[in-house]
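Structure data follow from input-v1.csv (CSV, C-alpha atoms):
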```csv
chain,number,residue,atom,x,y,z
A,287,MET,CA,0.0,0.0,0.0
A,288,ASN,CA,1.5,3.3,-1.1
A,289,PRO,CA,0.4,6.1,1.2
A,290,LEU,CA,1.6,8.7,-1.2
A,291,SER,CA,-0.7,7.5,-3.9
A,292,SER,CA,-3.8,9.0,-2.4
A,293,ILE,CA,-2.5,12.4,-1.7
A,294,SER,CA,-2.9,14.1,-5.0
A,295,ASN,CA,-6.5,14.9,-6.0
A,296,ASP,CA,-5.6,14.7,-9.7
A,297,GLY,CA,-8.7,16.0,-11.6
A,298,SER,CA,-7.1,15.7,-15.0
A,299,ILE,CA,-8.8,14.1,-18.0
A,300,LYS,CA,-6.3,11.3,-17.8
A,301,ALA,CA,-7.6,10.4,-14.4
A,302,ILE,CA,-11.1,10.3,-15.7
A,303,GLN,CA,-10.1,8.1,-18.7
A,304,GLN,CA,-8.4,5.7,-16.4
A,305,GLY,CA,-11.4,5.6,-14.1
A,306,LEU,CA,-13.7,4.9,-17.1
A,307,TRP,CA,-11.4,2.1,-18.3
A,308,ALA,CA,-11.6,0.5,-14.9
A,309,ALA,CA,-15.3,1.0,-14.7
A,310,TRP,CA,-16.1,-0.5,-18.0
A,311,PRO,CA,-16.5,-4.1,-16.9
A,312,ILE,CA,-18.7,-3.0,-14.0
A,313,CYS,CA,-20.9,-1.1,-16.4
A,314,ILE,CA,-21.1,-4.1,-18.8
A,315,GLY,CA,-22.0,-6.2,-15.8
A,316,TYR,CA,-24.6,-3.8,-14.6
A,317,ILE,CA,-26.5,-3.7,-17.8
A,318,PRO,CA,-28.0,-7.2,-17.6
A,319,ILE,CA,-28.5,-6.9,-13.9
A,320,GLY,CA,-30.1,-3.5,-14.1
A,321,LEU,CA,-32.4,-4.6,-16.9
A,322,ALA,CA,-33.3,-7.7,-14.9
A,323,LEU,CA,-34.1,-5.5,-11.9
A,324,GLY,CA,-36.1,-3.1,-14.0
A,325,LEU,CA,-38.1,-6.0,-15.4
A,326,LEU,CA,-38.8,-7.5,-12.0
A,327,ALA,CA,-39.7,-4.1,-10.6
A,328,GLN,CA,-42.1,-3.6,-13.5
A,329,LYS,CA,-43.7,-6.9,-12.7
A,330,ALA,CA,-44.1,-5.8,-9.1
A,331,GLY,CA,-46.1,-2.8,-10.3
A,332,LEU,CA,-43.5,-0.1,-10.3
A,333,GLY,CA,-43.2,2.5,-13.1
A,334,PRO,CA,-40.0,3.5,-14.7
A,335,LEU,CA,-39.9,6.8,-12.8
A,336,GLU,CA,-40.2,5.0,-9.4
A,337,ILE,CA,-37.6,2.5,-10.5
A,338,GLY,CA,-35.2,5.3,-11.5
A,339,LEU,CA,-35.9,7.1,-8.2
A,340,MET,CA,-35.0,4.0,-6.2
A,341,SER,CA,-31.8,3.5,-8.2
A,342,VAL,CA,-30.8,7.1,-7.7
A,343,PHE,CA,-31.5,7.2,-4.0
A,344,VAL,CA,-30.3,3.7,-3.1
A,345,PHE,CA,-27.7,2.5,-5.7
A,346,ALA,CA,-27.5,-1.0,-4.3
A,347,GLY,CA,-28.3,-3.9,-6.6
A,348,SER,CA,-28.9,-6.6,-4.1
A,349,ALA,CA,-31.0,-4.4,-1.7
A,350,GLN,CA,-33.1,-3.2,-4.6
A,351,PHE,CA,-33.8,-6.8,-5.8
A,352,ILE,CA,-34.8,-7.8,-2.3
A,353,ALA,CA,-36.9,-4.6,-1.9
A,354,VAL,CA,-38.7,-5.2,-5.1
A,355,SER,CA,-39.6,-8.7,-4.1
A,356,MET,CA,-40.8,-7.5,-0.7
A,357,ILE,CA,-43.0,-4.9,-2.4
A,358,SER,CA,-44.4,-7.7,-4.5
A,359,SER,CA,-45.4,-9.6,-1.4
A,360,GLY,CA,-46.9,-6.6,0.2
A,361,SER,CA,-44.3,-6.0,3.0
A,362,ALA,CA,-44.6,-2.9,5.2
A,363,PRO,CA,-42.3,0.0,4.4
A,364,LEU,CA,-40.4,-0.3,7.8
A,365,ALA,CA,-39.6,-4.0,7.1
A,366,ILE,CA,-38.2,-3.1,3.7
A,367,ILE,CA,-36.1,-0.3,5.1
A,368,MET,CA,-34.7,-2.4,7.9
A,369,THR,CA,-33.9,-5.3,5.6
A,370,THR,CA,-32.1,-2.9,3.3
A,371,PHE,CA,-30.1,-1.6,6.2
A,372,VAL,CA,-29.0,-5.1,7.2
A,373,VAL,CA,-28.3,-6.2,3.6
A,374,ASN,CA,-26.2,-3.1,3.0
A,375,LEU,CA,-24.4,-3.1,6.3
A,376,ARG,CA,-21.5,-4.9,4.6
A,377,HIS,CA,-20.8,-1.5,2.9
A,378,LEU,CA,-19.8,-0.2,6.3
A,379,LEU,CA,-17.0,-2.7,6.3
A,380,MET,CA,-16.1,-1.9,2.7
A,381,SER,CA,-16.0,1.8,3.5
A,382,SER,CA,-13.7,1.1,6.4
A,383,SER,CA,-11.5,-0.8,4.1
A,384,LEU,CA,-11.4,2.0,1.6
A,385,SER,CA,-10.8,4.7,4.2
A,386,LEU,CA,-7.2,3.5,4.3
A,387,TYR,CA,-6.7,5.1,0.9
A,388,CYS,CA,-8.7,8.3,1.4
A,389,ARG,CA,-6.3,10.0,3.8
A,390,ASN,CA,-6.2,13.4,2.3
A,391,ALA,CA,-9.5,13.7,0.7
A,392,GLY,CA,-11.8,16.7,1.5
A,393,LYS,CA,-15.1,16.3,3.2
A,394,THR,CA,-17.2,17.0,0.1
A,395,THR,CA,-15.1,14.5,-1.9
A,396,LEU,CA,-15.7,11.9,0.7
A,397,ALA,CA,-19.4,12.6,0.8
A,398,PHE,CA,-19.6,12.0,-3.0
A,399,PHE,CA,-17.4,9.0,-2.9
A,400,ALA,CA,-19.4,7.4,-0.1
A,401,TYR,CA,-22.5,7.5,-2.3
A,402,GLY,CA,-21.0,5.2,-4.9
A,403,ILE,CA,-19.6,2.5,-2.6
A,404,THR,CA,-21.0,-0.8,-3.9
A,405,ASP,CA,-19.7,-4.4,-4.0
A,406,GLU,CA,-18.4,-3.9,-7.5
A,407,SER,CA,-16.9,-0.4,-7.3
A,408,PHE,CA,-15.4,-1.5,-4.0
A,409,ALA,CA,-13.8,-4.6,-5.5
A,410,VAL,CA,-12.3,-2.6,-8.4
A,411,ASN,CA,-11.2,0.4,-6.4
A,412,GLN,CA,-9.8,-1.5,-3.5
A,413,LEU,CA,-7.7,-3.6,-5.8
A,414,ARG,CA,-6.4,-0.6,-7.7
A,415,PHE,CA,-5.7,1.4,-4.5
A,416,LYS,CA,-3.8,-1.5,-3.1
A,417,GLU,CA,-1.6,-1.8,-6.2
A,418,GLY,CA,-0.7,1.9,-5.8
A,419,LYS,CA,-1.1,4.9,-8.2
A,420,TRP,CA,-4.9,5.1,-7.8
A,421,THR,CA,-6.3,8.4,-6.6
A,422,ILE,CA,-9.8,9.4,-5.5
A,423,SER,CA,-10.5,11.1,-8.8
A,424,GLN,CA,-10.2,7.8,-10.6
A,425,ALA,CA,-12.1,6.0,-7.9
A,426,LEU,CA,-14.9,8.6,-8.1
A,427,THR,CA,-15.1,8.2,-11.9
A,428,VAL,CA,-15.5,4.5,-11.4
A,429,ASN,CA,-18.3,5.0,-8.9
A,430,HIS,CA,-20.2,7.6,-10.9
A,431,ALA,CA,-19.8,6.0,-14.3
A,432,SER,CA,-21.2,2.7,-13.0
A,433,ASN,CA,-23.9,4.6,-11.1
A,434,LEU,CA,-25.1,6.2,-14.3
A,435,VAL,CA,-25.2,3.0,-16.2
A,436,TRP,CA,-27.0,1.3,-13.3
A,437,ILE,CA,-29.8,4.0,-13.2
A,438,LEU,CA,-30.3,3.9,-16.9
A,439,SER,CA,-30.3,0.1,-17.1
A,440,THR,CA,-32.9,-0.2,-14.4
A,441,ILE,CA,-35.1,2.4,-16.1
A,442,ALA,CA,-34.7,0.7,-19.4
A,443,GLY,CA,-35.6,-2.6,-17.8
A,444,GLY,CA,-38.7,-0.9,-16.4
A,445,TYR,CA,-39.8,0.2,-19.8
A,446,GLY,CA,-39.0,-3.1,-21.5
A,447,GLY,CA,-40.6,-5.2,-18.8
A,448,ARG,CA,-44.0,-5.0,-20.5
A,449,PHE,CA,-42.7,-6.9,-23.5
A,450,ILE,CA,-41.0,-9.7,-21.7
A,451,PRO,CA,-42.7,-12.5,-19.7
A,452,PRO,CA,-41.6,-13.0,-16.1
A,453,HIS,CA,-38.6,-15.2,-15.4
A,454,ALA,CA,-37.4,-15.0,-19.0
A,455,PHE,CA,-33.8,-15.1,-20.0
A,456,GLY,CA,-32.8,-16.5,-16.6
A,457,VAL,CA,-33.1,-12.9,-15.3
A,458,ASP,CA,-33.5,-14.0,-11.7
A,459,TYR,CA,-30.0,-15.3,-11.7
A,460,ALA,CA,-28.2,-12.1,-12.7
A,461,LEU,CA,-27.5,-11.1,-9.1
A,462,ILE,CA,-26.1,-14.6,-8.1
A,463,ALA,CA,-23.9,-14.6,-11.2
A,464,MET,CA,-22.6,-11.2,-10.2
A,465,PHE,CA,-21.7,-12.4,-6.7
A,466,ILE,CA,-20.0,-15.5,-8.1
A,467,CYS,CA,-17.8,-13.3,-10.3
A,468,LEU,CA,-17.0,-10.9,-7.5
A,469,LEU,CA,-16.1,-13.7,-5.3
A,470,ILE,CA,-13.7,-15.1,-7.8
A,471,PHE,CA,-12.1,-11.7,-8.1
A,472,GLN,CA,-11.6,-11.7,-4.3
A,473,ILE,CA,-9.8,-15.0,-4.1
A,474,LYS,CA,-6.3,-13.7,-4.4
A,475,GLY,CA,-4.8,-16.6,-2.4
A,476,PRO,CA,-5.8,-19.6,-0.3
A,477,ILE,CA,-6.6,-17.6,2.8
A,478,TYR,CA,-9.3,-15.7,0.9
A,479,ALA,CA,-10.9,-18.9,-0.4
A,480,THR,CA,-10.8,-20.3,3.2
A,481,THR,CA,-12.4,-17.2,4.6
A,482,ALA,CA,-15.1,-17.3,1.9
A,483,VAL,CA,-15.9,-20.9,2.6
A,484,ILE,CA,-16.1,-20.3,6.3
A,485,GLY,CA,-18.3,-17.3,5.6
A,486,GLY,CA,-20.6,-19.3,3.4
A,487,CYS,CA,-21.0,-22.3,5.8
A,488,THR,CA,-21.5,-20.0,8.8
A,489,ALA,CA,-24.0,-18.0,6.9
A,490,VAL,CA,-26.0,-21.2,5.8
A,491,VAL,CA,-26.2,-22.4,9.4
A,492,LEU,CA,-27.2,-19.0,10.7
A,493,SER,CA,-29.7,-18.4,8.0
A,494,LEU,CA,-31.5,-21.5,9.0
A,495,ILE,CA,-31.8,-20.2,12.6
A,496,ILE,CA,-32.2,-16.5,12.3
A,497,PRO,CA,-34.9,-15.0,10.1
A,498,GLY,CA,-34.1,-12.0,8.0
A,499,ASN,CA,-30.7,-10.9,6.6
A,500,LEU,CA,-28.7,-10.2,9.7
A,501,TYR,CA,-26.9,-13.6,9.3
A,502,VAL,CA,-24.9,-12.0,6.5
A,503,VAL,CA,-23.2,-9.5,8.7
A,504,ILE,CA,-22.7,-11.9,11.6
A,505,ALA,CA,-21.2,-14.6,9.4
A,506,SER,CA,-18.9,-12.1,7.6
A,507,VAL,CA,-17.5,-10.8,10.8
A,508,LEU,CA,-17.0,-14.3,12.2
A,509,ALA,CA,-15.4,-15.5,9.0
A,510,ALA,CA,-13.0,-12.6,8.7
A,511,THR,CA,-12.0,-13.0,12.3
A,512,ILE,CA,-11.3,-16.7,12.0
A,513,GLY,CA,-9.5,-16.0,8.7
A,514,LEU,CA,-7.3,-13.5,10.4
A,515,ARG,CA,-6.4,-15.9,13.1
A,516,ILE,CA,-5.5,-18.6,10.5
A,517,ARG,CA,-3.4,-16.1,8.6
A,518,VAL,CA,-1.6,-14.8,11.7
A,519,ARG,CA,-0.9,-18.3,12.9
A,520,ALA,CA,0.4,-19.4,9.6
A,521,ARG,CA,2.7,-16.4,9.5
A,522,ASN,CA,4.0,-17.1,13.0
A,523,LYS,CA,4.6,-20.7,12.1
A,524,LEU,CA,6.6,-19.6,9.1
A,525,LYS,CA,8.6,-17.1,11.2
A,526,LEU,CA,9.5,-19.9,13.6
A,527,LYS,CA,10.6,-22.2,10.8
A,528,ILE,CA,12.8,-19.5,9.3
A,529,GLU,CA,14.3,-18.8,12.8
A,530,ARG,CA,15.1,-22.5,13.2
A,531,LEU,CA,16.7,-22.7,9.8
A,532,LYS,CA,18.8,-19.7,10.6
A,533,LEU,CA,20.0,-21.3,13.8
A,534,LYS,CA,20.8,-24.5,12.0
A,535,ALA,CA,22.7,-22.7,9.4
A,536,ARG,CA,24.9,-21.0,12.0
A,537,SER,CA,25.7,-24.1,14.0
B,199,MET,CA,-48.0,0.1,-2.8
B,200,THR,CA,-49.2,3.7,-2.9
B,201,SER,CA,-46.8,6.3,-4.2
B,202,GLY,CA,-46.7,8.0,-0.8
B,203,LYS,CA,-45.6,4.8,0.8
B,204,PHE,CA,-43.2,4.2,-2.0
B,205,GLY,CA,-41.6,7.6,-1.5
B,206,LEU,CA,-41.1,6.8,2.1
B,207,VAL,CA,-39.5,3.5,1.4
B,208,VAL,CA,-37.1,5.0,-1.1
B,209,LEU,CA,-36.1,7.8,1.2
B,210,GLY,CA,-35.7,5.4,4.1
B,211,MET,CA,-33.7,2.9,2.0
B,212,GLY,CA,-31.5,5.8,0.7
B,213,MET,CA,-30.7,6.9,4.2
B,214,VAL,CA,-29.9,3.5,5.7
B,215,THR,CA,-27.8,2.8,2.7
B,216,TYR,CA,-25.8,6.1,2.5
B,217,ILE,CA,-25.0,6.5,6.2
B,218,PRO,CA,-23.1,3.2,6.6
B,219,ARG,CA,-21.1,4.1,3.5
B,220,TRP,CA,-20.3,7.5,4.7
B,221,LEU,CA,-19.5,7.1,8.4
B,222,PRO,CA,-16.3,5.0,8.2
B,223,LEU,CA,-15.0,7.1,5.3
B,224,PHE,CA,-15.5,10.2,7.2
B,225,PHE,CA,-14.2,9.1,10.6
B,226,LEU,CA,-11.6,6.5,9.8
B,227,SER,CA,-9.8,8.2,6.9
B,228,ARG,CA,-8.2,10.6,9.3
B,229,ARG,CA,-7.1,8.0,11.7
B,230,SER,CA,-4.3,5.4,11.5
B,231,LEU,CA,-5.7,2.0,11.7
B,232,PRO,CA,-3.8,-0.8,13.5
B,233,GLN,CA,-2.3,-3.5,11.4
B,234,TRP,CA,-4.6,-6.2,12.6
B,235,LEU,CA,-7.6,-4.2,11.6
B,236,VAL,CA,-6.2,-3.5,8.2
B,237,GLU,CA,-5.7,-7.2,7.7
B,238,TRP,CA,-9.1,-8.0,9.0
B,239,LEU,CA,-10.7,-5.6,6.6
B,240,ASP,CA,-8.7,-7.1,3.8
B,241,LEU,CA,-10.5,-10.4,4.4
B,242,ILE,CA,-14.0,-8.9,4.7
B,243,PRO,CA,-14.9,-8.8,1.0
B,244,ALA,CA,-14.3,-12.5,0.6
B,245,ALA,CA,-16.2,-13.3,3.8
B,246,ILE,CA,-19.2,-11.2,2.8
B,247,LEU,CA,-19.4,-12.6,-0.7
B,248,GLY,CA,-19.2,-16.2,0.7
B,249,ALA,CA,-21.9,-15.3,3.3
B,250,LEU,CA,-24.1,-13.8,0.6
B,251,LEU,CA,-23.6,-16.6,-2.0
B,252,LEU,CA,-23.8,-20.0,-0.3
B,253,PRO,CA,-27.2,-19.5,1.4
B,254,GLU,CA,-28.6,-18.4,-2.0
B,255,LEU,CA,-27.3,-21.5,-3.6
B,256,ILE,CA,-28.3,-24.2,-1.2
B,257,THR,CA,-31.1,-22.9,1.0
B,258,SER,CA,-34.6,-21.7,0.1
B,259,GLY,CA,-38.1,-21.2,1.2
B,260,GLN,CA,-40.1,-20.0,4.1
B,261,PRO,CA,-38.9,-21.2,6.7
B,262,ARG,CA,-35.5,-21.7,5.2
B,263,HIS,CA,-34.2,-25.2,4.8
B,264,ILE,CA,-31.3,-26.8,2.9
B,265,GLU,CA,-32.1,-28.0,-0.6
B,266,TRP,CA,-29.2,-29.6,-2.4
B,267,MET,CA,-30.2,-29.9,-6.1
B,268,ARG,CA,-31.5,-26.4,-6.7
B,269,PRO,CA,-31.1,-25.0,-10.2
B,270,GLU,CA,-29.2,-22.1,-8.7
B,271,CYS,CA,-26.6,-24.4,-7.2
B,272,ILE,CA,-26.3,-26.5,-10.4
B,273,ALA,CA,-25.9,-23.5,-12.6
B,274,ALA,CA,-23.3,-22.1,-10.2
B,275,ILE,CA,-20.7,-24.6,-11.1
B,276,PRO,CA,-20.3,-23.7,-14.8
B,277,THR,CA,-20.7,-20.0,-13.8
B,278,PHE,CA,-17.8,-20.3,-11.4
B,279,ILE,CA,-15.7,-21.8,-14.1
B,280,ILE,CA,-16.6,-19.1,-16.6
B,281,ALA,CA,-15.9,-16.4,-14.0
B,282,MET,CA,-12.4,-18.0,-13.5
B,283,LEU,CA,-11.7,-18.2,-17.2
B,284,THR,CA,-13.1,-14.9,-18.4
B,285,ARG,CA,-12.5,-12.7,-15.3
B,286,SER,CA,-15.3,-10.6,-16.8
B,287,LEU,CA,-18.3,-9.4,-14.9
B,288,GLY,CA,-20.4,-8.9,-18.0
B,289,TRP,CA,-19.7,-12.3,-19.6
B,290,THR,CA,-20.1,-14.1,-16.3
B,291,VAL,CA,-23.5,-12.5,-15.7
B,292,ILE,CA,-24.8,-13.2,-19.2
B,293,ALA,CA,-23.5,-16.7,-19.2
B,294,GLY,CA,-24.9,-17.4,-15.8
B,295,MET,CA,-28.3,-16.2,-16.8
B,296,VAL,CA,-28.3,-18.3,-19.9
B,297,ILE,CA,-27.1,-21.4,-18.0
B,298,TYR,CA,-29.6,-20.9,-15.3
B,299,GLY,CA,-32.4,-20.5,-17.8
B,300,LEU,CA,-31.4,-23.8,-19.5
B,301,VAL,CA,-31.0,-25.7,-16.2
B,302,GLU,CA,-34.4,-24.5,-15.0
B,303,LYS,CA,-36.1,-25.6,-18.3
B,304,TRP,CA,-34.3,-28.9,-18.3
B,305,MET,CA,-35.1,-29.7,-14.6
B,306,PHE,CA,-38.8,-29.0,-14.9
B,307,LEU,CA,-39.4,-30.8,-18.2
```
Exercise: express the given structure as structure tokens:
Amino acid sequence: MNPLSSISNDGSIKAIQQGLWAAWPICIGYIPIGLALGLLAQKAGLGPLEIGLMSVFVFAGSAQFIAVSMISSGSAPLAIIMTTFVVNLRHLLMSSSLSLYCRNAGKTTLAFFAYGITDESFAVNQLRFKEGKWTISQALTVNHASNLVWILSTIAGGYGGRFIPPHAFGVDYALIAMFICLLIFQIKGPIYATTAVIGGCTAVVLSLIIPGNLYVVIASVLAATIGLRIRVRARNKLKLKIERLKLKARS
Amino acid sequence: MTSGKFGLVVLGMGMVTYIPRWLPLFFLSRRSLPQWLVEWLDLIPAAILGALLLPELITSGQPRHIEWMRPECIAAIPTFIIAMLTRSLGWTVIAGMVIYGLVEKWMFL
């Protein structure tokens, strides 16, 4: 992690170009998902304007999918809001992770940047920040470009929904496919795969016991903690081995 | 749902979504985080994605119970492979949707 990389708030055209380049795959990915959401929302009785409004105010694919299905089944507003809160709580953790790289950003910049923190923009920005040479300008571009595509896709899906029967084109699977891809992106080594598996298994067990979506946050926190212990233990074991080899080499 | 209620839902959803995204950014970016916290946060995305995915694949229904041969689970295997091969969000999503559509049709024939 290069602490210097986040200092300059480089607003040049090049930064925007680089941001757009990085955002491109997210935008492409958002189109089928956004269309799918728009479609499902239309089936739930929402008009394009309402769909667009939700996308503008919320900008969270999975929460919007869940909200739409809850609206379909006639849930109360408070229940929908609380579920959204729990489902999106993971963004709190993502935001914490990103804060490492936003050391010298101004308050307004942070306020804008916060709006666009999603699973996908987080995955892309976090990776680039970690590699170094990524600034908030580029990260902001990623967020806002994908945001625009998202809003437009959901509205388009809302319009097109009339012409397409429900469950067509495997549309219900768009979100799961997205999560699968993002998970693959995250598996940068065995510890990440282990953590993901622990997260998954814990989540399954908890989901059977606890109603609602809280199990996601609990399972994630548990899995990351266990993963950290494993990582630290493995590192300490390695240190011990190296020490012993050094001693042997001297004697 | 009436438009009044809907407006309320959207506003509420917007607030509960934005604030958790903003708080850490605002308060933590000016602080130095301890190394263990940095490493913990590094594992969080993998943990969250695992926690989000697996229940979607092997559980379902009200009340939730484990169901092994769901089309979502079956379709996930080729989708994982395509994600690993293409490393592309767009292609994975499109492929996943097509595969799922096919698996569903085939299973309920």
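Distances to Leu386 in chain A were evaluated for B:Ile292, B:Leu226, B:Leu250, B:Val208 using all atoms listed in the file, and the minimum falls at B:Leu226.
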Could you make a table, as CSV, of the residues of range 201-292 of chain B that have an atom within 7 Å of an atom of range 331-355 of chain A, each with its nearest atom pair and distance in Å to one decimal, counting all atoms listed in the file, in chain and number order?
```
residue,atom,partner,partner_atom,distance
B:Val208,CA,A:Met340,CA,5.6
B:Leu209,CA,A:Phe343,CA,7.0
B:Met211,CA,A:Val344,CA,6.2
B:Gly212,CA,A:Val344,CA,4.5
B:Thr215,CA,A:Val344,CA,6.4
```
Rank A:Ile504, A:Glu406, A:Thr370, A:Gly498 by their smallest atom-to-atom distance to Ile466 in chain A, using all atoms listed in the file, and report the top residue only. A:Glu406
Rounded to one decimal, what separation in Å do you get between CA of Gly259 in chain B and CA of Ile357 in chain A?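 We find that CA of Gly259 in chain B and CA of Ile357 in chain A lie 17.4 Å from each other.
The residue that comes closest to Leu221 in chain B, out of A:Leu378, A:Ala330, A:Ile367, A:Ala442 and on the basis of all atoms listed in the file, is A:Leu378.
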Using only C-alpha atoms, what residues lie at most 10 Å away from (-19.8, 1.9, 6.0) (file coordinates), given as a PyMOL selection string? (chain A and resi 374-385+400+403) or (chain B and resi 215-224)
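Counting all atoms listed in the file and comparing A:Leu494, A:Val518, A:Phe399, A:Thr481, the residue that lies closest to Ser506 in chain A is A:Thr481.
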Quick one: residues within 10 Å of (-32.7, -22.6, -0.6) (file frame), counting all atoms listed in the file, please, as a PyMOL selection string. (chain A and resi 490+494) or (chain B and resi 252-268+270-271)
Write a file of the just-selected residues containing C-alpha atoms, as an mmCIF file, in the frame of the given file.
```
data_model
loop_
_atom_site.group_PDB
_atom_site.id
_atom_site.type_symbol
_atom_site.label_atom_id
_atom_site.label_comp_id
_atom_site.auth_asym_id
_atom_site.auth_seq_id
_atom_site.Cartn_x
_atom_site.Cartn_y
_atom_site.Cartn_z
ATOM 1 C CA VAL A 490 -26.000 -21.200 5.800
ATOM 2 C CA LEU A 494 -31.500 -21.500 9.000
ATOM 3 C CA LEU B 252 -23.800 -20.000 -0.300
ATOM 4 C CA PRO B 253 -27.200 -19.500 1.400
ATOM 5 C CA GLU B 254 -28.600 -18.400 -2.000
ATOM 6 C CA LEU B 255 -27.300 -21.500 -3.600
ATOM 7 C CA ILE B 256 -28.300 -24.200 -1.200
ATOM 8 C CA THR B 257 -31.100 -22.900 1.000
ATOM 9 C CA SER B 258 -34.600 -21.700 0.100
ATOM 10 C CA GLY B 259 -38.100 -21.200 1.200
ATOM 11 C CA GLN B 260 -40.100 -20.000 4.100
ATOM 12 C CA PRO B 261 -38.900 -21.200 6.700
ATOM 13 C CA ARG B 262 -35.500 -21.700 5.200
ATOM 14 C CA HIS B 263 -34.200 -25.200 4.800
ATOM 15 C CA ILE B 264 -31.300 -26.800 2.900
ATOM 16 C CA GLU B 265 -32.100 -28.000 -0.600
ATOM 17 C CA TRP B 266 -29.200 -29.600 -2.400
ATOM 18 C CA MET B 267 -30.200 -29.900 -6.100
ATOM 19 C CA ARG B 268 -31.500 -26.400 -6.700
ATOM 20 C CA GLU B 270 -29.200 -22.100 -8.700
ATOM 21 C CA CYS B 271 -26.600 -24.400 -7.200
#
```
Out of B:Arg228, B:Ala293, B:Glu237, B:Met213, which residue has the shortest atom-to-atom distance to Ala281 in chain B when counting only C-alpha atoms?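 Nearest to Ala281 in chain B: B:Ala293.
The smallest atom-to-atom distance between chain B and any of A:Leu468, A:Ala327, A:Ala431, A:Leu306, using only C-alpha atoms, is found for A:Leu468.
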Give me, as a PyMOL selection string, all polymer residues having an atom no more than 9 Å from Arg414 in chain A, counting all atoms listed in the file and skipping those fewer than 6 positions away in the same chain. chain A and resi 308+420+425
Keeping only C-alpha atoms, take the residues you just selected and write them out as a JSON list (two decimals), in the coordinates of the input.
```
[["chain", "number", "residue", "atom", "x", "y", "z"],
["A", 308, "ALA", "CA", -11.60, 0.50, -14.90],
["A", 420, "TRP", "CA", -4.90, 5.10, -7.80],
["A", 425, "ALA", "CA", -12.10, 6.00, -7.90]]
```
What is the distance, in Å and to one decimal place, between CA of Ile484 in chain A and CA of Gly248 in chain B? 7.6 Å
Any chance you could tabulate, as JSON lines, the residues of range 354-460 of chain A at most 12 Å from range 314-317 of chain A with each one's nearest atom pair and distance in Å to one decimal, using only C-alpha atoms, in chain and rising number order?
```
{"residue": "A:Thr404", "atom": "CA", "partner": "A:Tyr316", "partner_atom": "CA", "distance": 11.7}
{"residue": "A:Asp405", "atom": "CA", "partner": "A:Tyr316", "partner_atom": "CA", "distance": 11.7}
{"residue": "A:Glu406", "atom": "CA", "partner": "A:Gly315", "partner_atom": "CA", "distance": 9.3}
{"residue": "A:Ser407", "atom": "CA", "partner": "A:Tyr316", "partner_atom": "CA", "distance": 11.1}
{"residue": "A:Ala431", "atom": "CA", "partner": "A:Tyr316", "partner_atom": "CA", "distance": 10.9}
{"residue": "A:Ser432", "atom": "CA", "partner": "A:Tyr316", "partner_atom": "CA", "distance": 7.5}
{"residue": "A:Asn433", "atom": "CA", "partner": "A:Tyr316", "partner_atom": "CA", "distance": 9.1}
{"residue": "A:Leu434", "atom": "CA", "partner": "A:Tyr316", "partner_atom": "CA", "distance": 10.0}
{"residue": "A:Val435", "atom": "CA", "partner": "A:Ile317", "partner_atom": "CA", "distance": 7.0}
{"residue": "A:Trp436", "atom": "CA", "partner": "A:Tyr316", "partner_atom": "CA", "distance": 5.8}
{"residue": "A:Ile437", "atom": "CA", "partner": "A:Tyr316", "partner_atom": "CA", "distance": 9.5}
{"residue": "A:Leu438", "atom": "CA", "partner": "A:Ile317", "partner_atom": "CA", "distance": 8.5}
{"residue": "A:Ser439", "atom": "CA", "partner": "A:Ile317", "partner_atom": "CA", "distance": 5.4}
{"residue": "A:Thr440", "atom": "CA", "partner": "A:Ile317", "partner_atom": "CA", "distance": 8.0}
{"residue": "A:Ile441", "atom": "CA", "partner": "A:Ile317", "partner_atom": "CA", "distance": 10.7}
{"residue": "A:Ala442", "atom": "CA", "partner": "A:Ile317", "partner_atom": "CA", "distance": 9.4}
{"residue": "A:Gly443", "atom": "CA", "partner": "A:Ile317", "partner_atom": "CA", "distance": 9.2}
{"residue": "A:Val457", "atom": "CA", "partner": "A:Ile317", "partner_atom": "CA", "distance": 11.6}
{"residue": "A:Ala460", "atom": "CA", "partner": "A:Gly315", "partner_atom": "CA", "distance": 9.1}
```
Next, write the just-selected residues to a file, as a short mmCIF file (atom, residue, chain, number, x, y, z; two decimals), in the coordinates of the input, keeping C-alpha atoms as the atom set.
```
data_model
loop_
_atom_site.label_atom_id
_atom_site.label_comp_id
_atom_site.auth_asym_id
_atom_site.auth_seq_id
_atom_site.Cartn_x
_atom_site.Cartn_y
_atom_site.Cartn_z
CA THR A 404 -21.00 -0.80 -3.90
CA ASP A 405 -19.70 -4.40 -4.00
CA GLU A 406 -18.40 -3.90 -7.50
CA SER A 407 -16.90 -0.40 -7.30
CA ALA A 431 -19.80 6.00 -14.30
CA SER A 432 -21.20 2.70 -13.00
CA ASN A 433 -23.90 4.60 -11.10
CA LEU A 434 -25.10 6.20 -14.30
CA VAL A 435 -25.20 3.00 -16.20
CA TRP A 436 -27.00 1.30 -13.30
CA ILE A 437 -29.80 4.00 -13.20
CA LEU A 438 -30.30 3.90 -16.90
CA SER A 439 -30.30 0.10 -17.10
CA THR A 440 -32.90 -0.20 -14.40
CA ILE A 441 -35.10 2.40 -16.10
CA ALA A 442 -34.70 0.70 -19.40
CA GLY A 443 -35.60 -2.60 -17.80
CA VAL A 457 -33.10 -12.90 -15.30
CA ALA A 460 -28.20 -12.10 -12.70
#
```
Taken to one decimal, the CA of Gly513 in chain A-CA of Leu239 in chain B distance is 10.7 Å
Quick one: residues within 6 Å of Gln424 in chain A, only C-alpha atoms, excluding same-chain residues fewer than 6 positions away - as a ChimeraX atom specification? /A:301-302,305
